[in-house]
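Asker: Can you keep this structure in mind? I'll have questions shortly.
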Amino acid sequence: NMLFIFSLPPFLLLLFFSFSFSFPSLPLEMILLRFRNSCIQARRKCQADPTCKAAYHHLGSCTSSLSTPLPLEGSSFPADCLEAAEKLRNSSLMGCTCHRRMKNQATCLDIYWTIHPARSIGDYELDVSPYEDPVTRKPWKMNLSKLDILKPDSDLCLKFAMLCTLNEKCDRLRKGYGEACSGHRCQRQVCLGQLRSFFERASEPHAQGLLLCPCLPTDRSCGERRRNTIAPSCALPTEAPNCLDLQRLCFTDPLCRSRLVDFQTHCHPMDILGTCATEQSRCLRAYLGLIGTAMTPNFISNINTSVALSCTCRGSGNLQEECEGLERSFSHNPCLMEAIAAKMRYHSQLFSQDWEDATFSVMEHEKNSALRPQPWMPFLFSCTFTLILLWSLW
């Protein structure tokens, strides 16, 4: 991160330090995020250079003509496309990223996967997540005393559902996919779109609480409520397709492809000991990001927390091993399983405390962590602006 900071142009460096001093409570990752190289910015910069612009458009025609969007070996890529990719190798496009909640996410991902075949040249890795999202631990502000309207012995899934209902945004988004996914109105693609909207726009604590609520193994009704969170009767295919066919379908959609690669990046066990590639919070975010895509996973039963894709490996022929590997990346993934278990333990602990005090501390933490301008901010920004003007004239 520090290398990235000091590689910024002088005027951006001044802005960075003025922003960081003005908001000292803002995490470094969140500040850096504002200066990262998004693919939309990178394309704009590329289009200002005739050579880069021509190479990008030519590579775009190469990728749009492919019969399959799956990564290809360099030898099977047409020579003129390889030449265009080579010209882009040192451009800002090669390091560009996208963000889940950015305004033009679809456009950004289209750009990313247009230049993705260029990554197969040399030592570039093929499966690299296009997302560059910082993991922030925002305080969870909610008044749990309102749950008094429920019976004391109500299961935790019901309590988290009630917390969502008591939150205006969560309730509105949940009703949106509830209506779209209801039995008599079910249109699968509309249902999936509403599910994506919920898990993208609802706050992470609400979304994760609703889906990853802990249940006792003997409490089947709680497990059923958890399993039905994503309306599987509408959201999931009625007949399980082949898992590799499902993956191919996913790779035709830049959003689904991005979410799957993000999941493979952040929930990937790196060795036989189960060492995980990244922290659990990133794995969970990537897992929830798949809900509402063709690769939507779900709990397989009402009595445990095992998850799986709604697909089969029957009829895979000589690709049986590859298919089973994809299937196991969900059903037997130690990183994902431990991330889910850890989050459920945390959710269980939330309801095992004295909530009169705990609610206050959570709300107090929220208040203390809010961004407040410092009294010397106007002076700092005026100085910064003057320095920028002087630098541009010099």
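Quick note on naming: the chains in the structure tokens go A, B, ... in the order shown, residues restart at 1 in each chain, and ligands are numbered from 1 in order of appearance.
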From a DSSP pass on the backbone, collect the residues of region 148-340 of chain A flagged as strand (DSSP E) and hand them back as a PyMOL selection string.

Answerer: chain A and resi 297-299+307-309

Asker: With N, CA, C and O atoms kept, could you save the residues just selected as a CSV table (one decimal), in the first residue's frame?

Answerer:
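As written to disk, selection_20.csv reads:
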```
chain,number,residue,atom,x,y,z
A,297,PRO,N,-25.5,-21.0,-4.7
A,297,PRO,CA,-25.4,-22.1,-3.8
A,297,PRO,C,-26.5,-22.0,-2.7
A,297,PRO,O,-27.2,-21.0,-2.5
A,298,ASN,N,-26.7,-23.1,-2.0
A,298,ASN,CA,-27.7,-23.1,-0.8
A,298,ASN,C,-27.3,-24.2,0.1
A,298,ASN,O,-26.6,-25.1,-0.2
A,299,PHE,N,-27.9,-24.2,1.3
A,299,PHE,CA,-27.8,-25.3,2.3
A,299,PHE,C,-28.5,-26.5,1.7
A,299,PHE,O,-29.6,-26.4,1.1
A,307,VAL,N,-23.3,-26.8,2.4
A,307,VAL,CA,-23.8,-26.0,1.2
A,307,VAL,C,-23.4,-26.7,0.0
A,307,VAL,O,-22.4,-27.5,0.0
A,308,ALA,N,-24.1,-26.5,-1.1
A,308,ALA,CA,-23.7,-27.1,-2.4
A,308,ALA,C,-24.4,-26.3,-3.5
A,308,ALA,O,-25.3,-25.5,-3.3
A,309,LEU,N,-23.9,-26.5,-4.7
A,309,LEU,CA,-24.5,-26.0,-5.9
A,309,LEU,C,-25.7,-26.9,-6.3
A,309,LEU,O,-25.7,-28.1,-6.0
```

Asker: Considering only C-alpha atoms, return as a list of chain:residue names whatever protein or nucleic-acid residues lie within 9 Å of region 253-258 of chain A, sequence-local ones (same chain, fewer than 4 positions apart) excluded.

Answerer: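 In the requested format, the answer is A:Pro69, A:Gln105, A:Ala106, A:Leu109, A:Asp110, A:Tyr112, A:Trp113, A:Val128, A:Ser129, A:Pro130, A:Tyr131, A:Gln247, A:Leu249, A:Asp262, A:Phe263, A:Gly289, A:Leu290, A:Gly292, A:Thr293, A:Ala294, A:Met295.
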
Asker: Please, what distance in Å, to one decimal, runs between CA of Glu239 (chain A) and CA of Leu195 (chain A)?

Answerer: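 Distance between the two atoms: 20.1 Å.
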
Asker: Pull the alpha helix (DSSP H) assignments for region 154-272 of chain A out of DSSP run on the backbone, and list those residues as a ChimeraX atom specification.

Answerer: /A:156-166,168-180,188-201,204-211,220-227,232-235,243-251,254-266

Asker: Could you take the residues named above and write them with C-alpha atoms, as an mmCIF file, in the first residue's frame?

Answerer:
```cif
data_model
loop_
_atom_site.group_PDB
_atom_site.id
_atom_site.type_symbol
_atom_site.label_atom_id
_atom_site.label_comp_id
_atom_site.auth_asym_id
_atom_site.auth_seq_id
_atom_site.Cartn_x
_atom_site.Cartn_y
_atom_site.Cartn_z
ATOM 1 C CA LEU A 156 -32.335 -17.177 15.914
ATOM 2 C CA CYS A 157 -33.346 -17.316 12.243
ATOM 3 C CA LEU A 158 -36.713 -15.867 13.190
ATOM 4 C CA LYS A 159 -34.993 -13.181 15.263
ATOM 5 C CA PHE A 160 -32.704 -12.160 12.392
ATOM 6 C CA ALA A 161 -35.703 -12.126 10.056
ATOM 7 C CA MET A 162 -37.444 -9.777 12.489
ATOM 8 C CA LEU A 163 -34.353 -7.532 12.648
ATOM 9 C CA CYS A 164 -34.522 -7.259 8.852
ATOM 10 C CA THR A 165 -38.231 -6.434 9.023
ATOM 11 C CA LEU A 166 -37.540 -3.671 11.552
ATOM 12 C CA GLU A 168 -36.706 -0.099 6.416
ATOM 13 C CA LYS A 169 -34.136 -0.803 3.689
ATOM 14 C CA CYS A 170 -33.664 -4.476 4.513
ATOM 15 C CA ASP A 171 -37.416 -5.008 4.724
ATOM 16 C CA ARG A 172 -38.044 -3.283 1.377
ATOM 17 C CA LEU A 173 -35.347 -5.271 -0.432
ATOM 18 C CA ARG A 174 -36.471 -8.532 1.143
ATOM 19 C CA LYS A 175 -40.077 -7.936 0.138
ATOM 20 C CA GLY A 176 -38.807 -7.204 -3.373
ATOM 21 C CA TYR A 177 -37.336 -10.652 -3.873
ATOM 22 C CA GLY A 178 -40.076 -12.273 -1.792
ATOM 23 C CA GLU A 179 -42.715 -11.069 -4.248
ATOM 24 C CA ALA A 180 -40.628 -11.861 -7.338
ATOM 25 C CA ARG A 188 -36.624 -17.306 -12.295
ATOM 26 C CA GLN A 189 -34.516 -14.572 -13.915
ATOM 27 C CA VAL A 190 -36.537 -11.816 -12.231
ATOM 28 C CA CYS A 191 -36.236 -13.686 -8.930
ATOM 29 C CA LEU A 192 -32.452 -13.999 -9.310
ATOM 30 C CA GLY A 193 -32.165 -10.295 -10.131
ATOM 31 C CA GLN A 194 -34.062 -9.350 -6.968
ATOM 32 C CA LEU A 195 -31.921 -11.713 -4.895
ATOM 33 C CA ARG A 196 -28.761 -10.071 -6.257
ATOM 34 C CA SER A 197 -30.220 -6.679 -5.419
ATOM 35 C CA PHE A 198 -30.868 -7.753 -1.839
ATOM 36 C CA PHE A 199 -27.406 -9.178 -1.176
ATOM 37 C CA GLU A 200 -25.687 -6.248 -2.919
ATOM 38 C CA ARG A 201 -27.652 -3.415 -1.344
ATOM 39 C CA GLU A 204 -23.840 -6.997 5.327
ATOM 40 C CA PRO A 205 -24.881 -7.591 8.967
ATOM 41 C CA HIS A 206 -28.526 -7.890 7.958
ATOM 42 C CA ALA A 207 -27.867 -10.029 4.873
ATOM 43 C CA GLN A 208 -25.421 -12.328 6.660
ATOM 44 C CA GLY A 209 -27.646 -12.576 9.727
ATOM 45 C CA LEU A 210 -30.602 -13.596 7.598
ATOM 46 C CA LEU A 211 -28.729 -16.267 5.636
ATOM 47 C CA ARG A 220 -35.860 -28.466 11.824
ATOM 48 C CA SER A 221 -38.164 -25.455 11.497
ATOM 49 C CA CYS A 222 -35.225 -23.100 12.065
ATOM 50 C CA GLY A 223 -33.131 -25.002 9.508
ATOM 51 C CA GLU A 224 -35.988 -24.906 7.027
ATOM 52 C CA ARG A 225 -36.375 -21.147 7.491
ATOM 53 C CA ARG A 226 -32.640 -20.692 6.862
ATOM 54 C CA ARG A 227 -32.668 -22.910 3.779
ATOM 55 C CA PRO A 232 -34.911 -22.082 -3.620
ATOM 56 C CA SER A 233 -38.150 -23.326 -5.190
ATOM 57 C CA CYS A 234 -37.940 -20.415 -7.659
ATOM 58 C CA ALA A 235 -34.277 -19.350 -7.601
ATOM 59 C CA CYS A 243 -22.102 -28.610 -12.996
ATOM 60 C CA LEU A 244 -19.734 -27.897 -15.900
ATOM 61 C CA ASP A 245 -22.650 -26.805 -18.076
ATOM 62 C CA LEU A 246 -23.694 -24.500 -15.251
ATOM 63 C CA GLN A 247 -20.172 -23.091 -15.088
ATOM 64 C CA ARG A 248 -20.118 -22.519 -18.864
ATOM 65 C CA LEU A 249 -23.424 -20.678 -18.599
ATOM 66 C CA CYS A 250 -21.994 -18.586 -15.777
ATOM 67 C CA PHE A 251 -18.937 -17.661 -17.823
ATOM 68 C CA PRO A 254 -19.490 -11.060 -16.985
ATOM 69 C CA LEU A 255 -21.157 -10.571 -13.584
ATOM 70 C CA CYS A 256 -21.530 -14.279 -12.825
ATOM 71 C CA ARG A 257 -18.024 -14.982 -14.120
ATOM 72 C CA SER A 258 -16.636 -12.253 -11.875
ATOM 73 C CA ARG A 259 -18.447 -13.538 -8.802
ATOM 74 C CA LEU A 260 -17.309 -17.122 -9.415
ATOM 75 C CA VAL A 261 -13.669 -16.092 -9.907
ATOM 76 C CA ASP A 262 -13.932 -13.906 -6.796
ATOM 77 C CA PHE A 263 -15.199 -16.919 -4.838
ATOM 78 C CA GLN A 264 -12.376 -19.098 -6.169
ATOM 79 C CA THR A 265 -9.880 -16.382 -5.218
ATOM 80 C CA HIS A 266 -11.018 -15.792 -1.642
#
```

Asker: Could you name the residues that touch Arg282 (chain A) at 8 Å or less, counting only C-alpha atoms, but leaving out those on the same chain fewer than 2 positions away, as a PyMOL selection string?

Answerer: chain A and resi 135+266-267+278-280+284-286

Asker: Using the selection just defined, write its residues with N, CA and C atoms as a short mmCIF file (atom, residue, chain, number, x, y, z; two decimals), in the first residue's frame.

Answerer:
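In the end it all went to again.cif:
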```cif
data_model
loop_
_atom_site.label_atom_id
_atom_site.label_comp_id
_atom_site.auth_asym_id
_atom_site.auth_seq_id
_atom_site.Cartn_x
_atom_site.Cartn_y
_atom_site.Cartn_z
N VAL A 135 -12.20 -4.77 3.04
CA VAL A 135 -13.09 -5.33 4.05
C VAL A 135 -13.11 -4.37 5.23
N HIS A 266 -11.00 -16.06 -3.08
CA HIS A 266 -11.02 -15.79 -1.64
C HIS A 266 -11.44 -16.98 -0.77
N CYS A 267 -11.97 -18.03 -1.37
CA CYS A 267 -12.36 -19.21 -0.57
C CYS A 267 -11.54 -20.42 -0.98
N THR A 278 -7.36 -16.06 1.76
CA THR A 278 -7.61 -14.75 2.38
C THR A 278 -8.45 -14.94 3.65
N GLU A 279 -8.77 -13.82 4.29
CA GLU A 279 -9.50 -13.89 5.55
C GLU A 279 -10.94 -14.31 5.33
N GLN A 280 -11.57 -14.77 6.41
CA GLN A 280 -12.93 -15.32 6.33
C GLN A 280 -13.95 -14.31 5.85
N LEU A 284 -16.69 -14.98 2.86
CA LEU A 284 -18.14 -14.88 3.02
C LEU A 284 -18.74 -13.87 2.05
N ARG A 285 -18.04 -12.75 1.86
CA ARG A 285 -18.55 -11.75 0.92
C ARG A 285 -18.60 -12.33 -0.49
N ALA A 286 -17.58 -13.09 -0.86
CA ALA A 286 -17.55 -13.71 -2.18
C ALA A 286 -18.65 -14.76 -2.32
#
```
